[in-house]
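Written below as structure tokens is the structure these notes are about.
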Amino acid sequence: MIRRHPWLSILAVLVLIALGWGWTNRADLQAFPSIIGAYSAKEYCSCRYVMNNPPNYCEGYINQYIPLSELLDDQASKRVTARGLGSTQTAQWQGQRQGCQLLAQPAATPDS
Amino acid sequence: MRIPLFPRLTLALALALPCSAVLAAERWPDPHWSAAPASTSAAITALEDYAFPVRDDEARKGVRTDALLVIRDGQIIYERYAGPTTATTPHLTWSMSKSLMASVLGVAYGEGRFKLDAPVAAYYAPMAEHPGIKMGHLFNWASGLAWQEGYEYAPLKSSVVAMLYTRGRTDMAAFAAQTPADAEPGQRFRYSSGDSNILAAALKNIVGVKAYADYPWTALFEPLGITSAVWETDTSGTFVGSSNAYMTARDLARIGLLMERRGRWHDQQLLPDAWVTFNLTPFAGYQADAEKPDGAVPGAQWWLNSAAPTGSKPWPDAPDDTFAALGHWGQGMYVMPEEKLVVVRYGDDRDGSYKHNELLKRVTAAFGPGVKP
């Protein structure tokens, strides 16, 4: 097999290594897509409603190399929802001393 | 017994004079900081050239100082803000929160509520998995847990990103406590936001669930006159002791002044002197990171300019006794007790170009000993 299909064998080994790596890191890989939405929602919320910075500054403040597909700032309820890598995450301002916190479930957005 | 009038007066004066001399010499921000701005000088211009270059908020490149506040002997001598930050902005402190949480815990320590050589599990049940880890080990970031501290540059394997934003966010301390150990407790320094959040969770049992939610305020912020503090919690109600405290530069400097005066606020010893000594003692097991030779030396949730462990000071141009609270994106509060200086520097640096030593060099040139007020 190895002698007759050297390239196929190398490919098979690489696929096995990749699967093994993926399995070892499955928890991290599963959580990875939610990082950008969660980071953006939480830090935008704190930038706006804890530090009281203007919206345009906070947009630049949260900018990362992975783009967001949506950023919704519900000013009336001080609730920020961000979507990136297919994951939607919401942070909610909790109070004067408590600042912002990520919610277990994202808030419904107008187009979802 | 009747004491004649003259000796009585002498006695009264002898007792009163030293007290009034101390009171006159010692300034406190009560209720507000008094200000005596230093007059302009070439050294201050050089400091501003470094701290406040033309600000690039578009590309977020270079040094971007949000606030620079210098206190000498309890009085503001320099203060400047930039970007969106003002004197009233409760600015994110990032990992300076760890030093603040250590001060909150220091009050509880002074009240005799916990011991440094007690196992963490005595105050935080999920640490029963790691019975050898003691409270003191966490303060020195020496739990021996296999924590991966790394931020947006290596998000997949970063324990801190997972803790703050994904798998750990509902209960950050429980997430950290699940980290397997890969070293003996108390032997190896490894910077860990997990260690700090386990401390924040332990405080809940140390002071009781009822008192916990207000404890940073009742124990520390209110006695110091801090009014702007915000401290975010995870879903379980535990303070994000590693990262998420906010306050104005002026309020943060109050904690710097408390540390400069070895835990004393007016005549109240808020933090035991022994606690401050513990904070400022280099961790015995510390070995300098060959890849980060300018790394500050860990004390107990504070950072030291100590040459003791490695033979050279991390900030060669700052006084030997300089210590600091440090945070992501260039946050720093530097205390120089001998010079009676407290410096708060808030920033939004994203490219690592800001250097503590460079700022400290210019601060001491502008306001250090030999520079007349």
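By convention in this document, the chains of the structure tokens carry letters A, B, ... by their order, each chain's residues are numbered from 1, and ligands are numbered from 1 in the order they are shown.
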Contacts of chain A with chain B up to 9 Å, shortest pair per row, only C-alpha atoms, as a tab-separated table:
```
residue	atom	partner	partner_atom	distance
A:Asn25	CA	B:Lys157	CA	8.4
A:Ala27	CA	B:Arg167	CA	8.5
A:Asp28	CA	B:Leu156	CA	6.0
A:Leu29	CA	B:Leu156	CA	7.0
A:Ala31	CA	B:Thr166	CA	6.1
A:Phe32	CA	B:Leu156	CA	6.2
A:Ser34	CA	B:Thr166	CA	6.6
A:Ile35	CA	B:Tyr165	CA	6.1
A:Ile36	CA	B:Tyr165	CA	8.7
A:Gly37	CA	B:Tyr165	CA	9.0
A:Ala38	CA	B:Tyr165	CA	5.6
A:Tyr39	CA	B:Tyr165	CA	6.1
A:Lys42	CA	B:Tyr165	CA	8.3
A:Ser46	CA	B:Leu92	CA	8.5
A:Cys47	CA	B:Leu92	CA	8.5
A:Val50	CA	B:Pro90	CA	6.9
A:Met51	CA	B:Pro90	CA	5.3
A:Asn52	CA	B:Thr89	CA	7.1
A:Asn53	CA	B:Pro84	CA	6.0
A:Pro54	CA	B:Pro84	CA	7.5
A:Tyr57	CA	B:Pro84	CA	7.6
A:Gly60	CA	B:Glu58	CA	7.4
A:Tyr61	CA	B:Asp348	CA	8.5
A:Gln64	CA	B:Glu152	CA	8.4
A:Gln94	CA	B:Glu232	CA	8.8
A:Gln96	CA	B:Val230	CA	6.9
A:Arg97	CA	B:Val230	CA	4.4
A:Gln98	CA	B:Glu232	CA	4.8
A:Gly99	CA	B:Glu232	CA	5.3
A:Cys100	CA	B:Glu232	CA	6.3
A:Gln101	CA	B:Asp234	CA	6.7
A:Leu102	CA	B:Arg169	CA	7.8
A:Leu103	CA	B:Thr235	CA	8.0
A:Ala104	CA	B:Thr170	CA	7.9
```
Could the residues in this selection be written to a file with C-alpha atoms, as a compact mmCIF listing (two decimals), in the first residue's frame?
```
# COMPACT_ATOMS: atom_id res chain seq x y z
CA ASN A 25 -8.55 20.17 21.23
CA ALA A 27 -13.38 21.71 23.62
CA ASP A 28 -11.25 24.65 22.45
CA LEU A 29 -12.32 24.22 18.82
CA ALA A 31 -15.73 27.26 21.81
CA PHE A 32 -13.58 29.11 19.26
CA SER A 34 -18.05 32.18 20.02
CA ILE A 35 -14.95 34.13 21.11
CA ILE A 36 -15.30 37.02 18.70
CA GLY A 37 -19.01 37.63 19.35
CA ALA A 38 -18.61 37.33 23.12
CA TYR A 39 -15.49 39.52 23.26
CA LYS A 42 -18.89 42.37 26.34
CA SER A 46 -18.31 48.06 28.95
CA CYS A 47 -16.76 50.67 26.66
CA VAL A 50 -19.16 51.56 32.06
CA MET A 51 -16.49 53.87 30.62
CA ASN A 52 -19.09 56.07 28.88
CA ASN A 53 -17.06 56.37 25.69
CA PRO A 54 -18.70 57.49 22.41
CA TYR A 57 -14.59 55.07 19.67
CA GLY A 60 -12.67 50.91 16.91
CA TYR A 61 -11.90 49.72 20.45
CA GLN A 64 -10.16 42.49 15.86
CA GLN A 94 -26.32 45.18 35.05
CA GLN A 96 -23.81 51.11 38.42
CA ARG A 97 -21.37 48.91 40.35
CA GLN A 98 -21.84 45.67 38.38
CA GLY A 99 -21.10 46.91 34.86
CA CYS A 100 -21.68 44.50 31.95
CA GLN A 101 -22.05 40.73 31.81
CA LEU A 102 -22.42 38.20 29.01
CA LEU A 103 -25.86 36.55 28.90
CA ALA A 104 -26.33 32.78 28.64
```
As a list in words, please: every residue in stretch 108-317 of chain B that DSSP puts in strand (DSSP E or B).
Pro119, Lys134, Leu145, Ala181, Val230, Trp231, Thr233, Phe239, Ala245, Tyr246, Met247, Arg264, Trp265, Gln268, Gln269, Val297, Pro298, Trp303 and Leu304 of chain B
Next, the residues of the selection above should be written as a PDB file, in the first residue's frame with N, CA and C atoms.
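The new file part-v8.pdb reads:
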```
ATOM      1  N   PRO B 119      -5.044  25.609  53.140  1.00  0.00           N
ATOM      2  CA  PRO B 119      -5.362  25.158  51.779  1.00  0.00           C
ATOM      3  C   PRO B 119      -6.518  25.977  51.195  1.00  0.00           C
ATOM      4  N   LYS B 134      -2.087  26.165  48.575  1.00  0.00           N
ATOM      5  CA  LYS B 134      -2.443  27.036  49.688  1.00  0.00           C
ATOM      6  C   LYS B 134      -2.745  28.444  49.194  1.00  0.00           C
ATOM      7  N   LEU B 145      -0.785  25.010  38.549  1.00  0.00           N
ATOM      8  CA  LEU B 145      -1.774  24.611  37.548  1.00  0.00           C
ATOM      9  C   LEU B 145      -1.256  24.951  36.151  1.00  0.00           C
ATOM     10  N   ALA B 181      -2.902  20.107  37.224  1.00  0.00           N
ATOM     11  CA  ALA B 181      -1.619  20.614  37.724  1.00  0.00           C
ATOM     12  C   ALA B 181      -0.483  20.035  36.898  1.00  0.00           C
ATOM     13  N   VAL B 230     -16.306  50.316  39.524  1.00  0.00           N
ATOM     14  CA  VAL B 230     -17.207  49.311  38.951  1.00  0.00           C
ATOM     15  C   VAL B 230     -16.431  48.004  38.979  1.00  0.00           C
ATOM     16  N   TRP B 231     -17.085  46.915  39.395  1.00  0.00           N
ATOM     17  CA  TRP B 231     -16.386  45.624  39.344  1.00  0.00           C
ATOM     18  C   TRP B 231     -17.347  44.583  38.794  1.00  0.00           C
ATOM     19  N   THR B 233     -18.891  41.029  37.443  1.00  0.00           N
ATOM     20  CA  THR B 233     -18.867  39.671  37.972  1.00  0.00           C
ATOM     21  C   THR B 233     -19.171  38.676  36.846  1.00  0.00           C
ATOM     22  N   PHE B 239     -16.650  38.191  41.548  1.00  0.00           N
ATOM     23  CA  PHE B 239     -15.948  39.297  40.893  1.00  0.00           C
ATOM     24  C   PHE B 239     -14.901  38.762  39.918  1.00  0.00           C
ATOM     25  N   ALA B 245     -12.126  45.291  36.912  1.00  0.00           N
ATOM     26  CA  ALA B 245     -12.414  46.446  37.771  1.00  0.00           C
ATOM     27  C   ALA B 245     -12.149  47.724  36.986  1.00  0.00           C
ATOM     28  N   TYR B 246     -12.939  48.753  37.274  1.00  0.00           N
ATOM     29  CA  TYR B 246     -12.828  50.045  36.588  1.00  0.00           C
ATOM     30  C   TYR B 246     -12.846  51.146  37.637  1.00  0.00           C
ATOM     31  N   MET B 247     -12.080  52.191  37.445  1.00  0.00           N
ATOM     32  CA  MET B 247     -12.234  53.405  38.248  1.00  0.00           C
ATOM     33  C   MET B 247     -11.472  54.549  37.592  1.00  0.00           C
ATOM     34  N   ARG B 264      -1.754  52.238  55.564  1.00  0.00           N
ATOM     35  CA  ARG B 264      -2.370  53.159  56.523  1.00  0.00           C
ATOM     36  C   ARG B 264      -3.119  54.262  55.795  1.00  0.00           C
ATOM     37  N   TRP B 265      -4.350  54.541  56.243  1.00  0.00           N
ATOM     38  CA  TRP B 265      -5.142  55.629  55.684  1.00  0.00           C
ATOM     39  C   TRP B 265      -5.503  56.545  56.837  1.00  0.00           C
ATOM     40  N   GLN B 268      -5.790  55.013  60.395  1.00  0.00           N
ATOM     41  CA  GLN B 268      -6.337  53.648  60.390  1.00  0.00           C
ATOM     42  C   GLN B 268      -5.445  52.710  59.575  1.00  0.00           C
ATOM     43  N   GLN B 269      -4.997  51.622  60.178  1.00  0.00           N
ATOM     44  CA  GLN B 269      -4.176  50.630  59.467  1.00  0.00           C
ATOM     45  C   GLN B 269      -5.127  49.674  58.741  1.00  0.00           C
ATOM     46  N   VAL B 297       9.203  41.569  38.377  1.00  0.00           N
ATOM     47  CA  VAL B 297       9.342  40.452  39.314  1.00  0.00           C
ATOM     48  C   VAL B 297       8.046  40.299  40.121  1.00  0.00           C
ATOM     49  N   PRO B 298       7.486  39.086  40.174  1.00  0.00           N
ATOM     50  CA  PRO B 298       6.230  38.918  40.907  1.00  0.00           C
ATOM     51  C   PRO B 298       6.415  38.959  42.417  1.00  0.00           C
ATOM     52  N   TRP B 303       3.726  43.775  41.275  1.00  0.00           N
ATOM     53  CA  TRP B 303       4.944  43.585  40.489  1.00  0.00           C
ATOM     54  C   TRP B 303       6.058  44.469  41.025  1.00  0.00           C
ATOM     55  N   LEU B 304       7.249  43.914  41.093  1.00  0.00           N
ATOM     56  CA  LEU B 304       8.345  44.597  41.782  1.00  0.00           C
ATOM     57  C   LEU B 304       9.509  44.888  40.842  1.00  0.00           C
TER      58      LEU B 304
END
```
In Å to one decimal, how far is atom CA of B:Ser34 from atom CA of B:Ala46?
24.9 Å
So that I can check the secondary structure, give me every residue of stretch 175-295 of chain B assigned alpha helix (DSSP H) by backbone DSSP, as a ChimeraX atom specification.
/B:175-177,193-207,209-212,215,222-224,249-260,273-279
Selection: 12 Å around B:Leu360, only C-alpha atoms, excl. self and same-chain fewer than 6 positions, as an mmCIF file with N, CA and C atoms, in the first residue's frame:
```cif
data_model
loop_
_atom_site.group_PDB
_atom_site.id
_atom_site.type_symbol
_atom_site.label_atom_id
_atom_site.label_comp_id
_atom_site.auth_asym_id
_atom_site.auth_seq_id
_atom_site.Cartn_x
_atom_site.Cartn_y
_atom_site.Cartn_z
ATOM 1 N N ALA B 46 9.678 66.328 27.814
ATOM 2 C CA ALA B 46 10.214 65.040 27.356
ATOM 3 C C ALA B 46 9.287 63.894 27.749
ATOM 4 N N LEU B 47 8.693 64.000 28.924
ATOM 5 C CA LEU B 47 7.726 62.990 29.370
ATOM 6 C C LEU B 47 6.502 62.980 28.446
ATOM 7 N N TYR B 50 6.917 61.436 25.055
ATOM 8 C CA TYR B 50 6.825 59.977 25.055
ATOM 9 C C TYR B 50 5.390 59.485 25.276
ATOM 10 N N ALA B 51 4.730 60.073 26.292
ATOM 11 C CA ALA B 51 3.419 59.551 26.688
ATOM 12 C C ALA B 51 2.298 60.008 25.761
ATOM 13 N N LEU B 68 -2.594 60.195 32.412
ATOM 14 C CA LEU B 68 -1.333 60.168 33.151
ATOM 15 C C LEU B 68 -1.488 61.107 34.342
ATOM 16 N N VAL B 70 0.140 62.079 38.191
ATOM 17 C CA VAL B 70 1.276 61.929 39.095
ATOM 18 C C VAL B 70 0.930 62.577 40.440
ATOM 19 N N ASN B 305 10.181 46.000 41.138
ATOM 20 C CA ASN B 305 11.397 46.350 40.393
ATOM 21 C C ASN B 305 12.610 45.820 41.161
ATOM 22 N N PRO B 314 14.221 44.948 36.557
ATOM 23 C CA PRO B 314 13.445 44.998 35.304
ATOM 24 C C PRO B 314 13.314 46.416 34.747
ATOM 25 N N TRP B 315 13.260 47.422 35.626
ATOM 26 C CA TRP B 315 13.161 48.818 35.176
ATOM 27 C C TRP B 315 14.388 49.564 35.703
ATOM 28 N N PRO B 316 15.508 49.483 34.994
ATOM 29 C CA PRO B 316 16.776 50.005 35.530
ATOM 30 C C PRO B 316 16.744 51.500 35.841
ATOM 31 N N ASP B 317 15.891 52.273 35.156
ATOM 32 C CA ASP B 317 15.880 53.722 35.381
ATOM 33 C C ASP B 317 14.910 54.167 36.458
ATOM 34 N N ALA B 318 14.279 53.203 37.134
ATOM 35 C CA ALA B 318 13.352 53.552 38.222
ATOM 36 C C ALA B 318 13.984 53.148 39.547
ATOM 37 N N PRO B 319 13.565 53.803 40.651
ATOM 38 C CA PRO B 319 14.130 53.457 41.959
ATOM 39 C C PRO B 319 13.926 51.973 42.296
ATOM 40 N N ASP B 320 14.834 51.449 43.122
ATOM 41 C CA ASP B 320 14.796 50.024 43.495
ATOM 42 C C ASP B 320 13.478 49.618 44.148
ATOM 43 N N THR B 322 10.509 50.653 43.579
ATOM 44 C CA THR B 322 9.306 50.831 42.751
ATOM 45 C C THR B 322 8.517 49.522 42.688
ATOM 46 N N PHE B 323 7.196 49.643 42.883
ATOM 47 C CA PHE B 323 6.339 48.476 42.641
ATOM 48 C C PHE B 323 5.114 48.934 41.875
ATOM 49 N N ALA B 324 4.414 47.974 41.294
ATOM 50 C CA ALA B 324 3.372 48.367 40.348
ATOM 51 C C ALA B 324 2.228 47.372 40.285
ATOM 52 N N GLY B 332 -0.926 50.793 33.955
ATOM 53 C CA GLY B 332 0.093 50.707 34.988
ATOM 54 C C GLY B 332 -0.151 51.704 36.114
ATOM 55 N N MET B 333 0.013 51.233 37.351
ATOM 56 C CA MET B 333 0.100 52.165 38.480
ATOM 57 C C MET B 333 1.412 51.863 39.184
ATOM 58 N N TYR B 334 2.292 52.847 39.217
ATOM 59 C CA TYR B 334 3.635 52.683 39.762
ATOM 60 C C TYR B 334 3.733 53.477 41.059
ATOM 61 N N VAL B 335 4.258 52.818 42.092
ATOM 62 C CA VAL B 335 4.416 53.468 43.392
ATOM 63 C C VAL B 335 5.904 53.494 43.717
ATOM 64 N N MET B 336 6.398 54.700 44.060
ATOM 65 C CA MET B 336 7.803 54.862 44.425
ATOM 66 C C MET B 336 7.843 55.462 45.832
ATOM 67 N N LEU B 341 6.049 59.104 45.313
ATOM 68 C CA LEU B 341 5.342 59.272 44.045
ATOM 69 C C LEU B 341 4.384 58.112 43.797
ATOM 70 N N VAL B 342 3.201 58.468 43.292
ATOM 71 C CA VAL B 342 2.265 57.472 42.754
ATOM 72 C C VAL B 342 1.931 57.922 41.333
ATOM 73 N N VAL B 343 2.098 57.031 40.375
ATOM 74 C CA VAL B 343 1.837 57.378 38.977
ATOM 75 C C VAL B 343 0.779 56.425 38.436
ATOM 76 N N VAL B 344 -0.320 56.990 37.932
ATOM 77 C CA VAL B 344 -1.325 56.167 37.253
ATOM 78 C C VAL B 344 -1.228 56.428 35.767
ATOM 79 N N ARG B 345 -1.086 55.356 35.008
ATOM 80 C CA ARG B 345 -1.031 55.488 33.555
ATOM 81 C C ARG B 345 -2.081 54.549 32.953
ATOM 82 N N TYR B 354 4.714 50.473 24.058
ATOM 83 C CA TYR B 354 4.876 51.199 25.323
ATOM 84 C C TYR B 354 5.797 50.422 26.271
ATOM 85 N N ALA B 366 11.380 64.127 35.643
ATOM 86 C CA ALA B 366 10.513 65.311 35.750
ATOM 87 C C ALA B 366 10.084 65.604 37.185
ATOM 88 N N PHE B 367 9.869 64.551 37.980
ATOM 89 C CA PHE B 367 9.266 64.768 39.305
ATOM 90 C C PHE B 367 10.026 64.116 40.448
ATOM 91 N N GLY B 368 11.121 63.441 40.152
ATOM 92 C CA GLY B 368 11.830 62.679 41.182
ATOM 93 C C GLY B 368 12.619 63.534 42.139
#
```
Pick out the closest residue to B:Ala325 from this set: B:Pro185, B:Pro131, B:Gly168, B:Gly256. Count only C-alpha atoms.
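Among the listed residues, B:Gly256 lies closest to B:Ala325.
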Residue neighbourhood B:Trp302, 10 Å, only C-alpha atoms, exclusion window fewer than 6 positions, as a PyMOL selection string
chain B and resi 96+98-100+102-103+139-140+276+278-282+296+323-326
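Atom CA of A:Pro33 lies 28.5 Å from atom CA of A:Gly95.
Take atom CA of B:Ala284 and atom CA of B:Gly106: the distance between them is 20.4 Å.
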Name all residues at most 7 Å from B:Leu257 (count only C-alpha atoms; drop same-chain ones fewer than 4 positions away) and give them as a count of residues only.
4
Closest to A:Ser69 among A:Ser40, A:Gly22, A:Gln92, A:Cys45, using only C-alpha atoms?
A:Ser40
Identify, on the basis of only C-alpha atoms, every residue whose closest approach to B:Gln178 does not exceed 9 Å; exclude the query and any residue fewer than 6 positions from it along the same chain; express the result as number ranges by chain.
B: 126-127, 129
Which residues come within 10 Å of B:Ile206, counting only C-alpha atoms, excluding same-chain residues fewer than 3 positions away, as a PyMOL selection string?
chain B and resi 105+108-109+112-114+122-124+200-203+209+211-212
Please, could you write that set of residues out with C-alpha atoms as a compact mmCIF listing (two decimals), in the first residue's frame?
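Dumped everything to part.txt:
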```txt
# COMPACT_ATOMS: atom_id res chain seq x y z
CA LEU B 105 -8.35 40.46 50.47
CA ALA B 108 -10.12 40.51 55.18
CA TYR B 109 -6.68 39.21 56.18
CA GLY B 112 -8.27 37.61 60.73
CA ARG B 113 -10.66 35.93 58.30
CA PHE B 114 -8.17 33.68 56.46
CA ALA B 122 -10.80 25.37 53.08
CA TYR B 123 -12.43 28.46 51.51
CA TYR B 124 -13.33 27.23 48.03
CA ALA B 200 -11.88 36.21 44.16
CA ALA B 201 -14.14 33.17 44.63
CA ALA B 202 -12.50 32.18 47.93
CA LEU B 203 -13.34 35.65 49.25
CA VAL B 209 -22.15 35.40 50.54
CA ALA B 211 -21.40 40.61 52.56
CA TYR B 212 -19.51 39.60 49.40
```
